[in-house]
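Data block for input_17.txt (compact mmCIF, C-alpha atoms and all ligand atoms):
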# COMPACT_ATOMS: atom_id res chain seq x y z
CA MET R 97 108.68 -122.52 41.15
CA GLU R 98 111.12 -120.73 38.89
CA LYS R 99 110.31 -117.52 37.06
CA GLY R 100 111.09 -117.83 33.35
CA LYS R 101 111.18 -115.31 30.54
CA ARG R 102 108.79 -112.42 30.05
CA LEU R 103 106.00 -113.68 27.83
CA TYR R 104 103.88 -110.58 27.40
CA GLU R 105 103.74 -107.02 28.69
CA GLY R 106 100.44 -105.15 28.63
CA LYS R 107 99.47 -101.71 29.87
CA ALA R 108 98.94 -102.75 33.48
CA LYS R 109 100.46 -106.24 33.84
CA ILE R 110 103.38 -108.44 32.81
CA LEU R 111 103.18 -112.22 32.32
CA PHE R 112 106.19 -114.46 32.96
CA GLU R 113 106.64 -118.11 32.07
CA THR R 114 107.44 -120.60 34.83
CA ASN R 115 109.10 -124.04 34.70
CA ASP R 116 105.55 -125.49 34.65
CA PRO R 117 103.96 -124.97 31.18
CA ASP R 118 100.50 -124.86 32.80
CA LEU R 119 101.38 -121.93 35.07
CA LEU R 120 102.39 -118.30 34.58
CA ILE R 121 103.26 -115.45 36.91
CA GLN R 122 101.14 -112.30 36.55
CA ARG R 123 102.83 -109.11 37.81
CA PHE R 124 100.75 -105.97 38.44
CA LYS R 125 102.34 -102.65 37.48
CA ASP R 126 101.84 -99.16 38.89
CA ASP R 127 101.46 -97.87 35.30
CA ALA R 128 98.04 -96.53 34.41
CA THR R 129 96.56 -95.63 31.04
CA ALA R 130 93.17 -94.41 29.91
CA PHE R 131 91.36 -93.63 26.68
CA ASP R 132 93.25 -96.27 24.67
CA GLY R 133 96.58 -95.33 26.13
CA ILE R 134 96.30 -91.61 25.25
CA LYS R 135 96.47 -90.67 28.94
CA LYS R 136 99.43 -92.17 30.75
CA GLY R 137 100.49 -92.04 34.37
CA THR R 138 101.78 -93.86 37.40
CA ILE R 139 99.68 -94.67 40.43
CA ILE R 140 102.09 -95.57 43.21
CA GLY R 141 100.85 -98.66 45.06
CA LYS R 142 98.35 -99.66 42.35
CA GLY R 143 100.25 -102.89 41.63
CA ILE R 144 100.05 -103.92 45.28
CA ALA R 145 96.39 -102.91 45.57
CA ASN R 146 95.23 -104.62 42.37
CA ASN R 147 97.15 -107.84 43.09
CA THR R 148 95.84 -107.98 46.67
CA ILE R 149 92.26 -107.12 45.68
CA SER R 150 92.20 -109.53 42.72
CA ALA R 151 93.59 -112.41 44.79
CA TYR R 152 91.00 -111.76 47.51
CA LEU R 153 88.09 -111.57 45.05
CA PHE R 154 89.16 -114.66 43.06
CA GLU R 155 89.23 -116.58 46.36
CA LEU R 156 85.86 -115.17 47.40
CA LEU R 157 84.36 -116.22 44.04
CA ALA R 158 85.91 -119.70 44.27
CA LYS R 159 83.99 -120.26 47.52
CA ASP R 160 80.82 -119.72 45.46
CA GLY R 161 81.88 -122.15 42.73
CA ILE R 162 83.43 -119.71 40.23
CA LYS R 163 86.57 -121.24 38.74
CA SER R 164 89.29 -118.81 37.71
CA HIS R 165 92.88 -118.78 36.52
CA PHE R 166 94.01 -117.79 40.04
CA GLU R 167 96.34 -120.27 41.77
CA LYS R 168 98.00 -118.35 44.60
CA LYS R 169 99.48 -115.02 45.61
CA LEU R 170 103.25 -115.04 45.17
CA SER R 171 104.28 -111.60 46.42
CA ASP R 172 102.86 -108.10 46.95
CA ILE R 173 102.63 -107.55 43.20
CA GLU R 174 102.60 -111.07 41.75
CA MET R 175 100.24 -114.03 41.56
CA VAL R 176 100.54 -117.48 40.02
CA ILE R 177 97.88 -118.12 37.39
CA LYS R 178 96.90 -120.90 35.02
CA ASN R 179 98.23 -120.49 31.49
CA VAL R 180 94.82 -119.93 29.87
CA GLU R 181 94.23 -118.96 26.25
CA ILE R 182 92.48 -115.61 26.61
CA ILE R 183 89.24 -115.29 24.63
CA PRO R 184 89.57 -111.79 23.09
CA VAL R 185 86.24 -110.55 24.42
CA GLU R 186 85.72 -108.05 27.25
CA VAL R 187 82.49 -108.86 29.06
CA VAL R 188 81.05 -105.76 30.73
CA ILE R 189 78.19 -105.98 33.23
CA ARG R 190 76.41 -102.77 34.15
CA ASN R 191 74.15 -102.31 37.18
CA VAL R 192 74.02 -98.50 37.13
CA SER R 193 74.48 -96.13 34.17
CA THR R 194 77.80 -94.33 33.75
CA GLY R 195 80.83 -94.19 31.44
CA SER R 196 80.63 -95.08 27.77
CA LEU R 197 77.00 -96.26 28.04
CA CYS R 198 75.84 -92.75 29.00
CA LYS R 199 77.79 -91.26 26.09
CA ARG R 200 76.52 -93.81 23.56
CA TYR R 201 72.83 -93.58 24.46
CA GLY R 202 72.70 -89.99 25.74
CA ILE R 203 71.39 -90.90 29.19
CA LYS R 204 72.30 -89.47 32.55
CA GLU R 205 74.63 -91.08 35.07
CA GLY R 206 73.31 -92.99 38.09
CA ILE R 207 70.25 -94.78 36.70
CA ALA R 208 69.91 -98.21 38.39
CA PHE R 209 68.90 -100.80 35.79
CA LYS R 210 66.04 -103.21 36.57
CA LYS R 211 68.38 -106.04 35.57
CA PRO R 212 72.09 -106.03 34.76
CA ILE R 213 73.07 -105.15 31.19
CA VAL R 214 75.63 -107.52 29.66
CA GLU R 215 77.82 -106.17 26.87
CA PHE R 216 80.62 -107.72 24.83
CA TYR R 217 83.53 -105.80 23.34
CA TYR R 218 86.12 -107.15 20.90
CA LYS R 219 89.46 -106.94 22.71
CA ASP R 220 91.52 -105.17 20.05
CA ASP R 221 93.32 -101.91 20.90
CA ALA R 222 93.91 -101.01 17.24
CA LEU R 223 90.13 -101.14 16.64
CA HIS R 224 89.40 -99.39 19.99
CA ASP R 225 87.63 -102.45 21.47
CA PRO R 226 84.39 -102.23 19.41
CA LEU R 227 81.07 -103.29 20.95
CA MET R 228 79.81 -106.59 19.55
CA ASN R 229 76.92 -109.00 20.07
CA GLU R 230 76.87 -112.77 20.51
CA ASP R 231 76.32 -113.34 16.77
CA HIS R 232 79.47 -111.34 15.99
CA ILE R 233 81.48 -113.42 18.47
CA PHE R 234 80.23 -116.66 16.90
CA GLY R 235 80.28 -115.42 13.29
CA LEU R 236 83.84 -114.08 13.53
CA GLU R 237 84.83 -117.43 15.12
CA ILE R 238 86.07 -115.76 18.28
CA ALA R 239 84.23 -118.26 20.51
CA GLY R 240 81.71 -121.09 20.20
CA THR R 241 78.05 -121.03 21.22
CA GLU R 242 78.64 -122.90 24.48
CA GLU R 243 81.59 -120.69 25.38
CA ILE R 244 79.54 -117.54 24.75
CA ALA R 245 76.69 -118.87 26.91
CA GLU R 246 79.19 -119.83 29.61
CA MET R 247 80.77 -116.34 29.62
CA ARG R 248 77.37 -114.65 29.92
CA GLN R 249 76.13 -117.00 32.65
CA GLN R 250 79.35 -116.83 34.68
CA ALA R 251 79.53 -113.04 34.31
CA LEU R 252 76.02 -112.62 35.72
CA LYS R 253 76.75 -114.97 38.61
CA ILE R 254 80.04 -113.17 39.36
CA ASN R 255 78.19 -109.84 39.32
CA GLU R 256 75.63 -111.18 41.82
CA ILE R 257 78.28 -112.52 44.21
CA LEU R 258 80.34 -109.33 44.00
CA GLN R 259 77.29 -107.07 44.41
CA ARG R 260 76.47 -108.90 47.64
CA PHE R 261 80.05 -108.59 48.87
CA PHE R 262 80.43 -104.89 47.98
CA ASN R 263 77.07 -104.07 49.56
CA SER R 264 78.43 -105.56 52.78
CA ILE R 265 81.30 -103.04 52.78
CA ASP R 266 79.04 -100.07 51.88
CA VAL R 267 80.14 -99.87 48.28
CA THR R 268 77.88 -100.10 45.20
CA LEU R 269 79.25 -102.17 42.32
CA ILE R 270 78.30 -99.91 39.42
CA ASP R 271 79.83 -101.95 36.57
CA LEU R 272 82.70 -104.30 35.86
CA LYS R 273 84.74 -105.79 33.03
CA LEU R 274 85.64 -109.46 32.97
CA GLU R 275 87.82 -111.60 30.73
CA PHE R 276 87.72 -115.36 30.29
CA GLY R 277 90.21 -117.93 29.02
CA ARG R 278 90.26 -121.52 27.83
CA PHE R 279 92.09 -124.10 29.90
CA LYS R 280 91.90 -127.86 29.31
CA GLY R 281 88.46 -127.63 27.68
CA LYS R 282 86.97 -125.30 30.32
CA VAL R 283 86.15 -121.59 30.27
CA LEU R 284 87.76 -119.92 33.29
CA LEU R 285 87.51 -116.38 34.66
CA ALA R 286 90.87 -114.69 33.98
CA ASP R 287 92.68 -111.32 34.04
CA GLU R 288 91.98 -109.24 37.19
CA ILE R 289 89.12 -107.77 39.23
CA SER R 290 90.23 -104.45 40.65
CA PRO R 291 89.51 -100.70 40.74
CA ASP R 292 91.03 -100.66 37.21
CA THR R 293 88.31 -102.98 35.89
CA CYS R 294 85.28 -102.13 38.04
CA ARG R 295 83.44 -99.01 39.08
CA PHE R 296 82.76 -98.59 42.78
CA TRP R 297 80.71 -95.82 44.39
CA GLU R 298 80.57 -95.30 48.14
CA LYS R 299 77.04 -95.82 49.42
CA GLY R 300 75.38 -92.64 50.67
CA THR R 301 77.87 -90.21 49.13
CA ASN R 302 78.37 -91.75 45.62
CA ARG R 303 82.09 -90.91 46.01
CA LYS R 304 83.99 -92.67 43.20
CA LEU R 305 86.39 -95.30 44.49
CA ASP R 306 87.97 -96.57 41.28
CA LYS R 307 90.07 -95.71 38.22
CA ASP R 308 87.61 -92.96 37.21
CA ARG R 309 89.56 -90.81 39.71
CA PHE R 310 92.58 -91.17 37.36
CA ARG R 311 90.60 -91.09 34.10
CA HIS R 312 88.86 -87.82 34.98
CA ASP R 313 91.47 -86.18 37.27
CA LEU R 314 89.29 -86.35 40.38
CA GLY R 315 92.27 -86.35 42.77
CA ASP R 316 93.20 -88.68 45.66
CA VAL R 317 93.99 -91.47 43.17
CA GLU R 318 96.67 -93.32 45.16
CA LYS R 319 94.76 -92.85 48.41
CA THR R 320 91.63 -94.35 46.83
CA TYR R 321 93.36 -97.56 45.62
CA LYS R 322 94.79 -97.98 49.12
CA GLU R 323 91.40 -97.29 50.69
CA MET R 324 89.68 -99.89 48.48
CA MET R 325 92.36 -102.46 49.32
CA LYS R 326 91.74 -101.86 53.04
CA ARG R 327 87.95 -101.90 52.69
CA ILE R 328 88.04 -105.18 50.72
CA VAL R 329 90.59 -107.26 52.58
CA GLY R 330 90.12 -105.61 55.98
CA ASP R 331 92.92 -104.05 58.02
P1 LIG G 401 83.08 -98.02 30.06
O1 LIG G 401 81.87 -97.40 30.67
O2 LIG G 401 84.22 -97.06 29.86
O3 LIG G 401 82.75 -98.79 28.79
O4 LIG G 401 83.63 -99.11 31.11
C1 LIG G 401 82.85 -100.18 31.54
C2 LIG G 401 83.62 -100.98 32.58
O5 LIG G 401 84.76 -101.60 32.02
C3 LIG G 401 84.13 -100.17 33.77
O6 LIG G 401 83.98 -100.94 34.95
C4 LIG G 401 85.59 -99.97 33.49
C5 LIG G 401 85.95 -101.20 32.70
N1 LIG G 401 86.95 -100.97 31.67
C6 LIG G 401 88.10 -101.74 31.65
O7 LIG G 401 88.30 -102.60 32.52
N2 LIG G 401 89.00 -101.53 30.65
C7 LIG G 401 88.82 -100.62 29.67
O8 LIG G 401 89.67 -100.48 28.80
C8 LIG G 401 87.61 -99.82 29.70
C9 LIG G 401 87.36 -98.79 28.65
C10 LIG G 401 86.72 -100.05 30.71
N1 LIG G 402 92.78 -99.37 30.14
C1 LIG G 402 92.28 -98.65 29.02
C2 LIG G 402 93.35 -97.98 28.20
O1 LIG G 402 94.33 -97.46 28.60
C3 LIG G 402 91.22 -97.67 29.26
C4 LIG G 402 90.51 -97.52 30.57
O2 LIG G 402 90.68 -98.30 31.48
O3 LIG G 402 89.76 -96.53 30.66
O4 LIG G 402 93.23 -97.91 27.02
Represent the structure from my file as structure tokens, please.
Ligand code: TMP
Ligand code: ASP
Amino acid sequence: MEKGKRLYEGKAKILFETNDPDLLIQRFKDDATAFDGIKKGTIIGKGIANNTISAYLFELLAKDGIKSHFEKKLSDIEMVIKNVEIIPVEVVIRNVSTGSLCKRYGIKEGIAFKKPIVEFYYKDDALHDPLMNEDHIFGLEIAGTEEIAEMRQQALKINEILQRFFNSIDVTLIDLKLEFGRFKGKVLLADEISPDTCRFWEKGTNRKLDKDRFRHDLGDVEKTYKEMMKRIVGD
């Protein structure tokens, strides 16, 4: 497969065309941003970690029937993906309270919810990704009723599968953000699943093993991405 021109560059990834119109190459960068790009930095080895972790988790999910845009790993920092049309909605699933939910509702961190909370955010940096409900998504013609139902259902199933997996490596999946895309009439899981897009706490100690170490200057950022890569894929 030939790599074509750069199609899109985001904060953490670059997409390249290929000679097959159905396929793209997704390259993971070491660049890190937080708080809508206000905080900027570089996390050496993040590209390798997030590509390796995402590829592993997409394959794990596929074994349980979750279809994604993932085709194959191409290199340390690149994967081949299906050329999906991203639905501009960030689906967040929360198992334990932390982050923006604690701020919004004035509750303390670390409360385990009786069932996962599903939230939708409009993926628009200029508007700071506002929270929205299913009626907004339908009313603003961002997605159809079946697509919305599909995103919610798949997100909950993905959360269940990943919770089981992370429990097995002594990590609690606190929350995660998913994105979906349209491809030949189907809604597929897209984007990435990594320490950038999930929150992981070590069981027993509640040590944070994700991008919160960068967001809140907790130290050991590079070491933590490497550690999560090793914990997930094994040595
Ligand atoms: P939040 O508590 O800051 O709203 O984050 C919820 C989840 O979404 C958490 O796992 C981190 C992830 N996330 C992203 O993937 N991208 C983002 O831009 C933000 C703000 C959060
Ligand atoms: N990626 C987001 C940004 O830079 C924020 C985050 O992950 O906290 O805006």
key: Coordinates-based distance that separates atom CA of Glu155 of chain R from atom CA of Ala239 of chain R (Å, one decimal)   = 26.4 Å
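The interatomic distance for the pair atom CA of Ala130 of chain R and atom CA of Val317 of chain R works out to 13.6 Å.
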Please identify every residue of chain R that has at least one atom no farther than 6 Å from an atom of ligand LIG 401 (chain G), counting only C-alpha atoms and all ligand atoms, and for each give the shortest atom pair and the distance in Å to one decimal, arranged by chain then increasing number, as JSON lines.
{"residue": "R:Val188", "atom": "CA", "partner": "G:LIG401", "partner_atom": "O5", "distance": 5.7}
{"residue": "R:Thr194", "atom": "CA", "partner": "G:LIG401", "partner_atom": "O1", "distance": 6.0}
{"residue": "R:Gly195", "atom": "CA", "partner": "G:LIG401", "partner_atom": "O1", "distance": 3.5}
{"residue": "R:Ser196", "atom": "CA", "partner": "G:LIG401", "partner_atom": "O1", "distance": 3.9}
{"residue": "R:Leu197", "atom": "CA", "partner": "G:LIG401", "partner_atom": "O1", "distance": 5.7}
{"residue": "R:Asp271", "atom": "CA", "partner": "G:LIG401", "partner_atom": "O6", "distance": 4.6}
{"residue": "R:Leu272", "atom": "CA", "partner": "G:LIG401", "partner_atom": "O6", "distance": 3.7}
{"residue": "R:Lys273", "atom": "CA", "partner": "G:LIG401", "partner_atom": "O5", "distance": 4.3}
{"residue": "R:Asp292", "atom": "CA", "partner": "G:LIG401", "partner_atom": "O7", "distance": 5.8}
{"residue": "R:Thr293", "atom": "CA", "partner": "G:LIG401", "partner_atom": "O7", "distance": 3.4}
{"residue": "R:Cys294", "atom": "CA", "partner": "G:LIG401", "partner_atom": "O6", "distance": 3.6}
{"residue": "R:Arg295", "atom": "CA", "partner": "G:LIG401", "partner_atom": "O6", "distance": 4.6}
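Reported to one decimal place, the separation of atom CA of Leu284 of chain R from atom CA of Gly161 of chain R is 11.3 Å.
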message = I want to know what sits within 9 Å of Ile177 of chain R, based on all atoms listed in the file, with residues of the same chain fewer than 6 positions away left out; could you give that as a PyMOL selection string?
response = chain R and resi 118-122+164-169+286
